[in-house]
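Pasted below: target_26.txt, compact mmCIF, N, CA and C atoms.
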# COMPACT_ATOMS: atom_id res chain seq x y z
N MET A 23 1.73 -7.19 -11.32
CA MET A 23 2.47 -5.94 -11.42
C MET A 23 1.71 -4.85 -10.68
N VAL A 24 2.42 -4.08 -9.89
CA VAL A 24 1.82 -3.00 -9.12
C VAL A 24 2.01 -1.70 -9.88
N THR A 25 0.93 -0.93 -9.95
CA THR A 25 1.00 0.38 -10.60
C THR A 25 1.03 1.44 -9.51
N VAL A 26 1.96 2.37 -9.61
CA VAL A 26 2.08 3.45 -8.64
C VAL A 26 1.90 4.76 -9.37
N LYS A 27 0.98 5.58 -8.88
CA LYS A 27 0.77 6.90 -9.48
C LYS A 27 1.84 7.84 -8.94
N LEU A 28 2.54 8.48 -9.84
CA LEU A 28 3.60 9.40 -9.45
C LEU A 28 2.98 10.76 -9.14
N THR A 29 2.91 11.05 -7.86
CA THR A 29 2.34 12.32 -7.42
C THR A 29 3.45 13.35 -7.28
N PRO A 30 3.10 14.62 -7.23
CA PRO A 30 4.13 15.65 -7.01
C PRO A 30 4.91 15.41 -5.71
N GLU A 31 4.22 14.89 -4.70
CA GLU A 31 4.89 14.62 -3.43
C GLU A 31 5.93 13.51 -3.57
N LEU A 32 5.55 12.43 -4.26
CA LEU A 32 6.50 11.33 -4.48
C LEU A 32 7.69 11.79 -5.32
N MET A 33 7.42 12.62 -6.32
CA MET A 33 8.50 13.15 -7.15
C MET A 33 9.44 14.01 -6.31
N ALA A 34 8.89 14.87 -5.47
CA ALA A 34 9.72 15.73 -4.62
C ALA A 34 10.55 14.89 -3.65
N GLN A 35 9.94 13.85 -3.10
CA GLN A 35 10.66 12.96 -2.18
C GLN A 35 11.82 12.26 -2.90
N ALA A 36 11.54 11.74 -4.10
CA ALA A 36 12.58 11.06 -4.86
C ALA A 36 13.73 12.01 -5.20
N MET A 37 13.40 13.23 -5.61
CA MET A 37 14.43 14.20 -5.96
C MET A 37 15.25 14.60 -4.73
N ALA A 38 14.61 14.66 -3.56
CA ALA A 38 15.32 15.03 -2.33
C ALA A 38 16.29 13.94 -1.90
N GLU A 39 16.01 12.69 -2.28
CA GLU A 39 16.86 11.57 -1.89
C GLU A 39 18.08 11.39 -2.78
N VAL A 40 18.14 12.12 -3.88
CA VAL A 40 19.28 12.00 -4.80
C VAL A 40 20.49 12.72 -4.23
N ASP A 41 21.63 12.07 -4.30
CA ASP A 41 22.89 12.69 -3.87
C ASP A 41 23.45 13.49 -5.05
N TRP A 42 23.02 14.74 -5.17
CA TRP A 42 23.36 15.56 -6.32
C TRP A 42 24.85 15.86 -6.40
N ASP A 43 25.52 15.96 -5.26
CA ASP A 43 26.98 16.20 -5.28
C ASP A 43 27.69 15.02 -5.93
N LYS A 44 27.25 13.81 -5.61
CA LYS A 44 27.84 12.61 -6.21
C LYS A 44 27.57 12.59 -7.72
N ILE A 45 26.36 12.96 -8.10
CA ILE A 45 26.01 12.99 -9.53
C ILE A 45 26.88 14.03 -10.26
N ASP A 46 26.98 15.22 -9.67
CA ASP A 46 27.77 16.29 -10.30
C ASP A 46 29.24 15.93 -10.42
N ALA A 47 29.73 15.08 -9.53
CA ALA A 47 31.15 14.70 -9.54
C ALA A 47 31.46 13.61 -10.56
N MET A 48 30.44 13.00 -11.14
CA MET A 48 30.67 11.91 -12.09
C MET A 48 31.30 12.43 -13.38
N THR A 49 32.23 11.68 -13.90
CA THR A 49 32.84 12.01 -15.18
C THR A 49 32.02 11.36 -16.30
N ASP A 50 32.29 11.75 -17.53
CA ASP A 50 31.63 11.12 -18.66
C ASP A 50 31.92 9.62 -18.69
N GLU A 51 33.15 9.27 -18.32
CA GLU A 51 33.53 7.86 -18.30
C GLU A 51 32.72 7.09 -17.24
N ASP A 52 32.49 7.72 -16.08
CA ASP A 52 31.68 7.09 -15.04
C ASP A 52 30.25 6.85 -15.55
N ILE A 53 29.71 7.83 -16.21
CA ILE A 53 28.35 7.72 -16.73
C ILE A 53 28.27 6.62 -17.78
N GLU A 54 29.23 6.61 -18.69
CA GLU A 54 29.25 5.57 -19.73
C GLU A 54 29.38 4.18 -19.11
N GLN A 55 30.18 4.06 -18.06
CA GLN A 55 30.34 2.76 -17.40
C GLN A 55 29.04 2.32 -16.73
N GLN A 56 28.34 3.26 -16.09
CA GLN A 56 27.06 2.91 -15.46
C GLN A 56 26.05 2.46 -16.51
N ILE A 57 26.04 3.13 -17.63
CA ILE A 57 25.13 2.74 -18.71
C ILE A 57 25.49 1.35 -19.22
N ALA A 58 26.79 1.12 -19.42
CA ALA A 58 27.24 -0.19 -19.92
C ALA A 58 26.92 -1.31 -18.93
N ASP A 59 26.96 -1.01 -17.64
CA ASP A 59 26.70 -2.03 -16.61
C ASP A 59 25.21 -2.28 -16.40
N ASN A 60 24.36 -1.41 -16.91
CA ASN A 60 22.91 -1.53 -16.69
C ASN A 60 22.27 -2.23 -17.88
N PRO A 61 21.80 -3.47 -17.71
CA PRO A 61 21.22 -4.19 -18.84
C PRO A 61 19.90 -3.58 -19.33
N ASP A 62 19.27 -2.73 -18.51
CA ASP A 62 18.01 -2.11 -18.91
C ASP A 62 18.20 -0.77 -19.63
N ALA A 63 19.43 -0.28 -19.66
CA ALA A 63 19.70 1.01 -20.30
C ALA A 63 19.76 0.84 -21.81
N ALA A 64 19.19 1.80 -22.50
CA ALA A 64 19.26 1.79 -23.96
C ALA A 64 20.70 2.08 -24.38
N PRO A 65 21.15 1.52 -25.49
CA PRO A 65 22.52 1.79 -25.92
C PRO A 65 22.69 3.25 -26.33
N LEU A 66 23.91 3.74 -26.17
CA LEU A 66 24.21 5.10 -26.61
C LEU A 66 24.16 5.14 -28.14
N LEU A 67 23.60 6.20 -28.67
CA LEU A 67 23.50 6.36 -30.12
C LEU A 67 24.67 7.19 -30.63
N ASN A 68 25.12 6.85 -31.84
CA ASN A 68 26.16 7.68 -32.44
C ASN A 68 25.49 8.94 -33.02
N GLU A 69 26.29 9.86 -33.51
CA GLU A 69 25.77 11.15 -33.98
C GLU A 69 24.76 10.98 -35.12
N LYS A 70 25.06 10.09 -36.07
CA LYS A 70 24.14 9.86 -37.19
C LYS A 70 22.80 9.34 -36.69
N GLN A 71 22.84 8.44 -35.71
CA GLN A 71 21.60 7.88 -35.17
C GLN A 71 20.80 8.94 -34.40
N GLN A 72 21.49 9.80 -33.66
CA GLN A 72 20.81 10.87 -32.92
C GLN A 72 20.12 11.83 -33.88
N ILE A 73 20.84 12.23 -34.92
CA ILE A 73 20.26 13.14 -35.91
C ILE A 73 19.10 12.47 -36.63
N GLY A 74 19.27 11.20 -36.98
CA GLY A 74 18.19 10.47 -37.64
C GLY A 74 16.94 10.40 -36.80
N GLY A 75 17.12 10.19 -35.50
CA GLY A 75 15.98 10.17 -34.58
C GLY A 75 15.29 11.51 -34.50
N MET A 76 16.09 12.58 -34.50
CA MET A 76 15.52 13.93 -34.46
C MET A 76 14.71 14.20 -35.73
N ILE A 77 15.25 13.82 -36.88
CA ILE A 77 14.54 14.04 -38.15
C ILE A 77 13.24 13.26 -38.17
N GLN A 78 13.30 12.02 -37.72
CA GLN A 78 12.09 11.19 -37.68
C GLN A 78 11.06 11.80 -36.72
N MET A 79 11.52 12.35 -35.61
CA MET A 79 10.63 12.98 -34.65
C MET A 79 9.94 14.20 -35.27
N ILE A 80 10.69 15.00 -36.02
CA ILE A 80 10.12 16.17 -36.70
C ILE A 80 9.02 15.71 -37.65
N ARG A 81 9.33 14.72 -38.45
CA ARG A 81 8.38 14.23 -39.45
C ARG A 81 7.13 13.67 -38.80
N ARG A 82 7.31 12.90 -37.75
CA ARG A 82 6.15 12.30 -37.07
C ARG A 82 5.30 13.36 -36.37
N LYS A 83 5.96 14.38 -35.82
CA LYS A 83 5.22 15.48 -35.18
C LYS A 83 4.32 16.16 -36.21
N LEU A 84 4.80 16.24 -37.44
CA LEU A 84 4.02 16.85 -38.52
C LEU A 84 3.03 15.86 -39.14
N LYS A 85 3.05 14.62 -38.64
CA LYS A 85 2.15 13.55 -39.12
C LYS A 85 2.27 13.35 -40.63
N MET A 86 3.53 13.27 -41.08
CA MET A 86 3.82 13.10 -42.50
C MET A 86 4.57 11.79 -42.73
N SER A 87 4.27 11.15 -43.84
CA SER A 87 5.06 10.01 -44.27
C SER A 87 6.41 10.53 -44.75
N GLN A 88 7.36 9.61 -44.95
CA GLN A 88 8.64 10.05 -45.50
C GLN A 88 8.44 10.71 -46.85
N LYS A 89 7.59 10.12 -47.68
CA LYS A 89 7.36 10.66 -49.02
C LYS A 89 6.75 12.06 -48.95
N ALA A 90 5.74 12.23 -48.11
CA ALA A 90 5.09 13.54 -48.00
C ALA A 90 6.04 14.59 -47.44
N PHE A 91 6.84 14.21 -46.45
CA PHE A 91 7.80 15.14 -45.86
C PHE A 91 8.83 15.56 -46.90
N ALA A 92 9.38 14.58 -47.59
CA ALA A 92 10.40 14.88 -48.61
C ALA A 92 9.83 15.78 -49.71
N GLU A 93 8.64 15.47 -50.18
CA GLU A 93 8.03 16.28 -51.24
C GLU A 93 7.68 17.68 -50.74
N SER A 94 7.11 17.77 -49.56
CA SER A 94 6.69 19.07 -49.02
C SER A 94 7.85 20.02 -48.80
N PHE A 95 8.98 19.47 -48.35
CA PHE A 95 10.12 20.32 -48.02
C PHE A 95 11.24 20.24 -49.05
N HIS A 96 10.93 19.65 -50.21
CA HIS A 96 11.88 19.57 -51.34
C HIS A 96 13.19 18.89 -50.94
N LEU A 97 13.04 17.72 -50.33
CA LEU A 97 14.19 16.90 -49.94
C LEU A 97 14.16 15.60 -50.73
N SER A 98 15.29 14.98 -50.87
CA SER A 98 15.38 13.69 -51.53
C SER A 98 14.84 12.61 -50.60
N ILE A 99 13.90 11.81 -51.08
CA ILE A 99 13.34 10.72 -50.28
C ILE A 99 14.44 9.72 -49.91
N HIS A 100 15.37 9.48 -50.82
CA HIS A 100 16.45 8.53 -50.55
C HIS A 100 17.37 9.06 -49.45
N ALA A 101 17.69 10.34 -49.51
CA ALA A 101 18.53 10.94 -48.47
C ALA A 101 17.80 10.92 -47.13
N LEU A 102 16.51 11.26 -47.14
CA LEU A 102 15.72 11.25 -45.91
C LEU A 102 15.74 9.88 -45.25
N ARG A 103 15.56 8.84 -46.04
CA ARG A 103 15.60 7.47 -45.51
C ARG A 103 16.96 7.16 -44.90
N ASP A 104 18.02 7.54 -45.61
CA ASP A 104 19.37 7.29 -45.11
C ASP A 104 19.62 8.05 -43.80
N TRP A 105 19.14 9.29 -43.71
CA TRP A 105 19.32 10.07 -42.49
C TRP A 105 18.57 9.43 -41.33
N GLU A 106 17.31 9.10 -41.57
CA GLU A 106 16.49 8.54 -40.49
C GLU A 106 17.02 7.19 -40.01
N GLN A 107 17.61 6.42 -40.89
CA GLN A 107 18.12 5.11 -40.51
C GLN A 107 19.57 5.16 -40.02
N GLY A 108 20.12 6.37 -39.91
CA GLY A 108 21.46 6.53 -39.37
C GLY A 108 22.58 6.10 -40.29
N ARG A 109 22.27 5.95 -41.59
CA ARG A 109 23.32 5.54 -42.53
C ARG A 109 24.16 6.73 -42.99
N ARG A 110 23.53 7.90 -43.03
CA ARG A 110 24.23 9.11 -43.45
C ARG A 110 23.81 10.26 -42.55
N LYS A 111 24.65 11.27 -42.54
CA LYS A 111 24.36 12.49 -41.79
C LYS A 111 24.15 13.61 -42.81
N PRO A 112 23.10 14.42 -42.64
CA PRO A 112 22.92 15.53 -43.58
C PRO A 112 24.08 16.52 -43.48
N GLU A 113 24.37 17.18 -44.59
CA GLU A 113 25.37 18.23 -44.56
C GLU A 113 24.87 19.35 -43.66
N GLN A 114 25.77 20.20 -43.19
CA GLN A 114 25.42 21.21 -42.20
C GLN A 114 24.31 22.14 -42.68
N GLY A 115 24.35 22.57 -43.92
CA GLY A 115 23.30 23.45 -44.43
C GLY A 115 21.93 22.79 -44.40
N THR A 116 21.88 21.52 -44.78
CA THR A 116 20.63 20.77 -44.75
C THR A 116 20.18 20.56 -43.32
N LEU A 117 21.11 20.29 -42.44
CA LEU A 117 20.77 20.11 -41.03
C LEU A 117 20.17 21.41 -40.46
N ASN A 118 20.76 22.53 -40.83
CA ASN A 118 20.22 23.83 -40.41
C ASN A 118 18.79 24.02 -40.93
N TYR A 119 18.56 23.64 -42.19
CA TYR A 119 17.22 23.71 -42.79
C TYR A 119 16.25 22.84 -42.00
N LEU A 120 16.67 21.65 -41.60
CA LEU A 120 15.82 20.76 -40.83
C LEU A 120 15.49 21.36 -39.46
N TYR A 121 16.44 22.07 -38.85
CA TYR A 121 16.16 22.75 -37.57
C TYR A 121 15.11 23.84 -37.77
N VAL A 122 15.20 24.56 -38.88
CA VAL A 122 14.19 25.59 -39.17
C VAL A 122 12.83 24.93 -39.37
N ILE A 123 12.79 23.82 -40.09
CA ILE A 123 11.53 23.08 -40.27
C ILE A 123 11.00 22.65 -38.90
N ARG A 124 11.88 22.15 -38.05
CA ARG A 124 11.46 21.71 -36.71
C ARG A 124 10.81 22.84 -35.93
N ASP A 125 11.42 24.04 -36.00
CA ASP A 125 10.94 25.16 -35.19
C ASP A 125 9.81 25.95 -35.83
N ASN A 126 9.74 25.94 -37.17
CA ASN A 126 8.75 26.77 -37.87
C ASN A 126 8.21 26.09 -39.13
N PRO A 127 7.63 24.91 -39.02
CA PRO A 127 7.21 24.20 -40.23
C PRO A 127 6.20 24.98 -41.07
N ASP A 128 5.28 25.68 -40.42
CA ASP A 128 4.26 26.43 -41.18
C ASP A 128 4.88 27.55 -42.00
N ILE A 129 5.85 28.23 -41.42
CA ILE A 129 6.51 29.32 -42.15
C ILE A 129 7.27 28.77 -43.34
N VAL A 130 7.97 27.65 -43.15
CA VAL A 130 8.73 27.04 -44.25
C VAL A 130 7.78 26.62 -45.37
N LEU A 131 6.68 25.96 -45.02
CA LEU A 131 5.72 25.52 -46.04
C LEU A 131 5.10 26.70 -46.76
N ARG A 132 4.78 27.76 -46.02
CA ARG A 132 4.22 28.97 -46.64
C ARG A 132 5.22 29.62 -47.58
N THR A 133 6.47 29.66 -47.17
CA THR A 133 7.52 30.26 -47.99
C THR A 133 7.72 29.45 -49.26
N ILE A 134 7.74 28.13 -49.14
CA ILE A 134 7.90 27.27 -50.32
C ILE A 134 6.73 27.47 -51.27
N LYS A 135 5.53 27.52 -50.73
CA LYS A 135 4.33 27.71 -51.55
C LYS A 135 4.37 29.07 -52.26
N HIS A 136 4.79 30.10 -51.54
CA HIS A 136 4.86 31.45 -52.10
C HIS A 136 5.91 31.55 -53.20
N ALA A 137 7.02 30.82 -53.03
CA ALA A 137 8.11 30.87 -54.01
C ALA A 137 7.79 30.10 -55.29
N ALA A 138 6.83 29.20 -55.21
CA ALA A 138 6.53 28.34 -56.38
C ALA A 138 5.81 29.06 -57.48
As a first step, turn the structure in this file into structure tokens.
Amino acid sequence: MVTVKLTPELMAQAMAEVDWDKIDAMTDEDIEQQIADNPDAAPLLNEKQQIGGMIQMIRRKLKMSQKAFAESFHLSIHALRDWEQGRRKPEQGTLNYLYVIRDNPDIVLRTIKHAA
């Protein structure tokens, strides 16, 4: 296997070779068909799976287990597991809370601690 270091010059060359007009003209259906035809492409995720991945990413960024995350932010461990595994989608208010945790975890933790 050959390893190639991606330099700024190589990146600029690759970007210059892209037919951006053709890309911009593609419909969603065209894009979905290209993904379906590419055996190396990851499958498209449904909304529950996308949200679950985002929640898992937040938790991992904070270096917390599911249990620690649920306890720290006063969430149900069972609901957290279901969200992360794409079985359920959080209600909109909870999803908004998770976005706040994503953007300001320290403030949320401080607020929870102060309210206790």
Quick one: distance from CA of Lys111 in chain A to CA of Ile73 in chain A in Å, one decimal?
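Pair CA of Lys111 in chain A / CA of Ile73 in chain A returns 7.2 Å.
Taking all atoms listed in the file into account, the protein, DNA and RNA residues within 8 Å of (21.7, 10.5, -35.6) read Leu67, Asn68, Glu69, Lys70, Gln71, Gln72, Ile73, Gly74, Gly75, Met76, Ile77, Trp105, Glu106, Gln107, Gly108, Arg109, Arg110 and Lys111 of chain A.
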If you measure from atom C of Lys83 in chain A to atom N of Asp128 in chain A, what distance in Å do you get, rounded to one decimal?
10.5 Å
Any idea what's packed within 12 Å of Leu120 in chain A, counting only C-alpha atoms, ignoring anything in its chain fewer than 4 positions away? Could you give it as a list in words?
Ile73, Gly74, Met76, Ile77, Gln78, Met79, Ile80, Arg81, Phe91, Ala92, Phe95, His96, Leu97, Leu102, Trp105, Lys111, Pro112, Glu113, Gln114, Gly115, Thr116, Arg124, Asp125, Asn126, Pro127 and Val130 of chain A
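Across the model, the gap from atom C of Ser94 in chain A to atom C of Ile129 in chain A is 10.3 Å.
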Could you find all residues in chain A that DSSP calls alpha helix (DSSP H) from the backbone, and write them as a compact mmCIF listing (two decimals) with N, CA and C atoms, keeping the file's coordinate frame?
# COMPACT_ATOMS: atom_id res chain seq x y z
N PRO A 30 3.10 14.62 -7.23
CA PRO A 30 4.13 15.65 -7.01
C PRO A 30 4.91 15.41 -5.71
N GLU A 31 4.22 14.89 -4.70
CA GLU A 31 4.89 14.62 -3.43
C GLU A 31 5.93 13.51 -3.57
N LEU A 32 5.55 12.43 -4.26
CA LEU A 32 6.50 11.33 -4.48
C LEU A 32 7.69 11.79 -5.32
N MET A 33 7.42 12.62 -6.32
CA MET A 33 8.50 13.15 -7.15
C MET A 33 9.44 14.01 -6.31
N ALA A 34 8.89 14.87 -5.47
CA ALA A 34 9.72 15.73 -4.62
C ALA A 34 10.55 14.89 -3.65
N GLN A 35 9.94 13.85 -3.10
CA GLN A 35 10.66 12.96 -2.18
C GLN A 35 11.82 12.26 -2.90
N ALA A 36 11.54 11.74 -4.10
CA ALA A 36 12.58 11.06 -4.86
C ALA A 36 13.73 12.01 -5.20
N MET A 37 13.40 13.23 -5.61
CA MET A 37 14.43 14.20 -5.96
C MET A 37 15.25 14.60 -4.73
N ALA A 38 14.61 14.66 -3.56
CA ALA A 38 15.32 15.03 -2.33
C ALA A 38 16.29 13.94 -1.90
N TRP A 42 23.02 14.74 -5.17
CA TRP A 42 23.36 15.56 -6.32
C TRP A 42 24.85 15.86 -6.40
N ASP A 43 25.52 15.96 -5.26
CA ASP A 43 26.98 16.20 -5.28
C ASP A 43 27.69 15.02 -5.93
N LYS A 44 27.25 13.81 -5.61
CA LYS A 44 27.84 12.61 -6.21
C LYS A 44 27.57 12.59 -7.72
N ILE A 45 26.36 12.96 -8.10
CA ILE A 45 26.01 12.99 -9.53
C ILE A 45 26.88 14.03 -10.26
N ASP A 46 26.98 15.22 -9.67
CA ASP A 46 27.77 16.29 -10.30
C ASP A 46 29.24 15.93 -10.42
N ALA A 47 29.73 15.08 -9.53
CA ALA A 47 31.15 14.70 -9.54
C ALA A 47 31.46 13.61 -10.56
N ASP A 50 32.29 11.75 -17.53
CA ASP A 50 31.63 11.12 -18.66
C ASP A 50 31.92 9.62 -18.69
N GLU A 51 33.15 9.27 -18.32
CA GLU A 51 33.53 7.86 -18.30
C GLU A 51 32.72 7.09 -17.24
N ASP A 52 32.49 7.72 -16.08
CA ASP A 52 31.68 7.09 -15.04
C ASP A 52 30.25 6.85 -15.55
N ILE A 53 29.71 7.83 -16.21
CA ILE A 53 28.35 7.72 -16.73
C ILE A 53 28.27 6.62 -17.78
N GLU A 54 29.23 6.61 -18.69
CA GLU A 54 29.25 5.57 -19.73
C GLU A 54 29.38 4.18 -19.11
N GLN A 55 30.18 4.06 -18.06
CA GLN A 55 30.34 2.76 -17.40
C GLN A 55 29.04 2.32 -16.73
N GLN A 56 28.34 3.26 -16.09
CA GLN A 56 27.06 2.91 -15.46
C GLN A 56 26.05 2.46 -16.51
N ILE A 57 26.04 3.13 -17.63
CA ILE A 57 25.13 2.74 -18.71
C ILE A 57 25.49 1.35 -19.22
N ALA A 58 26.79 1.12 -19.42
CA ALA A 58 27.24 -0.19 -19.92
C ALA A 58 26.92 -1.31 -18.93
N ASP A 59 26.96 -1.01 -17.64
CA ASP A 59 26.70 -2.03 -16.61
C ASP A 59 25.21 -2.28 -16.40
N GLU A 69 26.29 9.86 -33.51
CA GLU A 69 25.77 11.15 -33.98
C GLU A 69 24.76 10.98 -35.12
N LYS A 70 25.06 10.09 -36.07
CA LYS A 70 24.14 9.86 -37.19
C LYS A 70 22.80 9.34 -36.69
N GLN A 71 22.84 8.44 -35.71
CA GLN A 71 21.60 7.88 -35.17
C GLN A 71 20.80 8.94 -34.40
N GLN A 72 21.49 9.80 -33.66
CA GLN A 72 20.81 10.87 -32.92
C GLN A 72 20.12 11.83 -33.88
N ILE A 73 20.84 12.23 -34.92
CA ILE A 73 20.26 13.14 -35.91
C ILE A 73 19.10 12.47 -36.63
N GLY A 74 19.27 11.20 -36.98
CA GLY A 74 18.19 10.47 -37.64
C GLY A 74 16.94 10.40 -36.80
N GLY A 75 17.12 10.19 -35.50
CA GLY A 75 15.98 10.17 -34.58
C GLY A 75 15.29 11.51 -34.50
N MET A 76 16.09 12.58 -34.50
CA MET A 76 15.52 13.93 -34.46
C MET A 76 14.71 14.20 -35.73
N ILE A 77 15.25 13.82 -36.88
CA ILE A 77 14.54 14.04 -38.15
C ILE A 77 13.24 13.26 -38.17
N GLN A 78 13.30 12.02 -37.72
CA GLN A 78 12.09 11.19 -37.68
C GLN A 78 11.06 11.80 -36.72
N MET A 79 11.52 12.35 -35.61
CA MET A 79 10.63 12.98 -34.65
C MET A 79 9.94 14.20 -35.27
N ILE A 80 10.69 15.00 -36.02
CA ILE A 80 10.12 16.17 -36.70
C ILE A 80 9.02 15.71 -37.65
N ARG A 81 9.33 14.72 -38.45
CA ARG A 81 8.38 14.23 -39.45
C ARG A 81 7.13 13.67 -38.80
N ARG A 82 7.31 12.90 -37.75
CA ARG A 82 6.15 12.30 -37.07
C ARG A 82 5.30 13.36 -36.37
N LYS A 83 5.96 14.38 -35.82
CA LYS A 83 5.22 15.48 -35.18
C LYS A 83 4.32 16.16 -36.21
N GLN A 88 7.36 9.61 -44.95
CA GLN A 88 8.64 10.05 -45.50
C GLN A 88 8.44 10.71 -46.85
N LYS A 89 7.59 10.12 -47.68
CA LYS A 89 7.36 10.66 -49.02
C LYS A 89 6.75 12.06 -48.95
N ALA A 90 5.74 12.23 -48.11
CA ALA A 90 5.09 13.54 -48.00
C ALA A 90 6.04 14.59 -47.44
N PHE A 91 6.84 14.21 -46.45
CA PHE A 91 7.80 15.14 -45.86
C PHE A 91 8.83 15.56 -46.90
N ALA A 92 9.38 14.58 -47.59
CA ALA A 92 10.40 14.88 -48.61
C ALA A 92 9.83 15.78 -49.71
N GLU A 93 8.64 15.47 -50.18
CA GLU A 93 8.03 16.28 -51.24
C GLU A 93 7.68 17.68 -50.74
N SER A 94 7.11 17.77 -49.56
CA SER A 94 6.69 19.07 -49.02
C SER A 94 7.85 20.02 -48.80
N ILE A 99 13.90 11.81 -51.08
CA ILE A 99 13.34 10.72 -50.28
C ILE A 99 14.44 9.72 -49.91
N HIS A 100 15.37 9.48 -50.82
CA HIS A 100 16.45 8.53 -50.55
C HIS A 100 17.37 9.06 -49.45
N ALA A 101 17.69 10.34 -49.51
CA ALA A 101 18.53 10.94 -48.47
C ALA A 101 17.80 10.92 -47.13
N LEU A 102 16.51 11.26 -47.14
CA LEU A 102 15.72 11.25 -45.91
C LEU A 102 15.74 9.88 -45.25
N ARG A 103 15.56 8.84 -46.04
CA ARG A 103 15.60 7.47 -45.51
C ARG A 103 16.96 7.16 -44.90
N ASP A 104 18.02 7.54 -45.61
CA ASP A 104 19.37 7.29 -45.11
C ASP A 104 19.62 8.05 -43.80
N TRP A 105 19.14 9.29 -43.71
CA TRP A 105 19.32 10.07 -42.49
C TRP A 105 18.57 9.43 -41.33
N GLU A 106 17.31 9.10 -41.57
CA GLU A 106 16.49 8.54 -40.49
C GLU A 106 17.02 7.19 -40.01
N GLN A 114 25.77 20.20 -43.19
CA GLN A 114 25.42 21.21 -42.20
C GLN A 114 24.31 22.14 -42.68
N GLY A 115 24.35 22.57 -43.92
CA GLY A 115 23.30 23.45 -44.43
C GLY A 115 21.93 22.79 -44.40
N THR A 116 21.88 21.52 -44.78
CA THR A 116 20.63 20.77 -44.75
C THR A 116 20.18 20.56 -43.32
N LEU A 117 21.11 20.29 -42.44
CA LEU A 117 20.77 20.11 -41.03
C LEU A 117 20.17 21.41 -40.46
N ASN A 118 20.76 22.53 -40.83
CA ASN A 118 20.22 23.83 -40.41
C ASN A 118 18.79 24.02 -40.93
N TYR A 119 18.56 23.64 -42.19
CA TYR A 119 17.22 23.71 -42.79
C TYR A 119 16.25 22.84 -42.00
N LEU A 120 16.67 21.65 -41.60
CA LEU A 120 15.82 20.76 -40.83
C LEU A 120 15.49 21.36 -39.46
N TYR A 121 16.44 22.07 -38.85
CA TYR A 121 16.16 22.75 -37.57
C TYR A 121 15.11 23.84 -37.77
N VAL A 122 15.20 24.56 -38.88
CA VAL A 122 14.19 25.59 -39.17
C VAL A 122 12.83 24.93 -39.37
N ILE A 123 12.79 23.82 -40.09
CA ILE A 123 11.53 23.08 -40.27
C ILE A 123 11.00 22.65 -38.90
N ARG A 124 11.88 22.15 -38.05
CA ARG A 124 11.46 21.71 -36.71
C ARG A 124 10.81 22.84 -35.93
N ASP A 125 11.42 24.04 -36.00
CA ASP A 125 10.94 25.16 -35.19
C ASP A 125 9.81 25.95 -35.83
N PRO A 127 7.63 24.91 -39.02
CA PRO A 127 7.21 24.20 -40.23
C PRO A 127 6.20 24.98 -41.07
N ASP A 128 5.28 25.68 -40.42
CA ASP A 128 4.26 26.43 -41.18
C ASP A 128 4.88 27.55 -42.00
N ILE A 129 5.85 28.23 -41.42
CA ILE A 129 6.51 29.32 -42.15
C ILE A 129 7.27 28.77 -43.34
N VAL A 130 7.97 27.65 -43.15
CA VAL A 130 8.73 27.04 -44.25
C VAL A 130 7.78 26.62 -45.37
N LEU A 131 6.68 25.96 -45.02
CA LEU A 131 5.72 25.52 -46.04
C LEU A 131 5.10 26.70 -46.76
N ARG A 132 4.78 27.76 -46.02
CA ARG A 132 4.22 28.97 -46.64
C ARG A 132 5.22 29.62 -47.58
N THR A 133 6.47 29.66 -47.17
CA THR A 133 7.52 30.26 -47.99
C THR A 133 7.72 29.45 -49.26
N ILE A 134 7.74 28.13 -49.14
CA ILE A 134 7.90 27.27 -50.32
C ILE A 134 6.73 27.47 -51.27
N LYS A 135 5.53 27.52 -50.73
CA LYS A 135 4.33 27.71 -51.55
C LYS A 135 4.37 29.07 -52.26
N HIS A 136 4.79 30.10 -51.54
CA HIS A 136 4.86 31.45 -52.10
C HIS A 136 5.91 31.55 -53.20
N ALA A 137 7.02 30.82 -53.03
CA ALA A 137 8.11 30.87 -54.01
C ALA A 137 7.79 30.10 -55.29
Which residue gives the smallest distance to Asp104 in chain A among A:Glu51, A:Lys27, A:Gln88, A:Ala38, with only C-alpha atoms counted?
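Closest to Asp104 in chain A of all the choices is A:Gln88.
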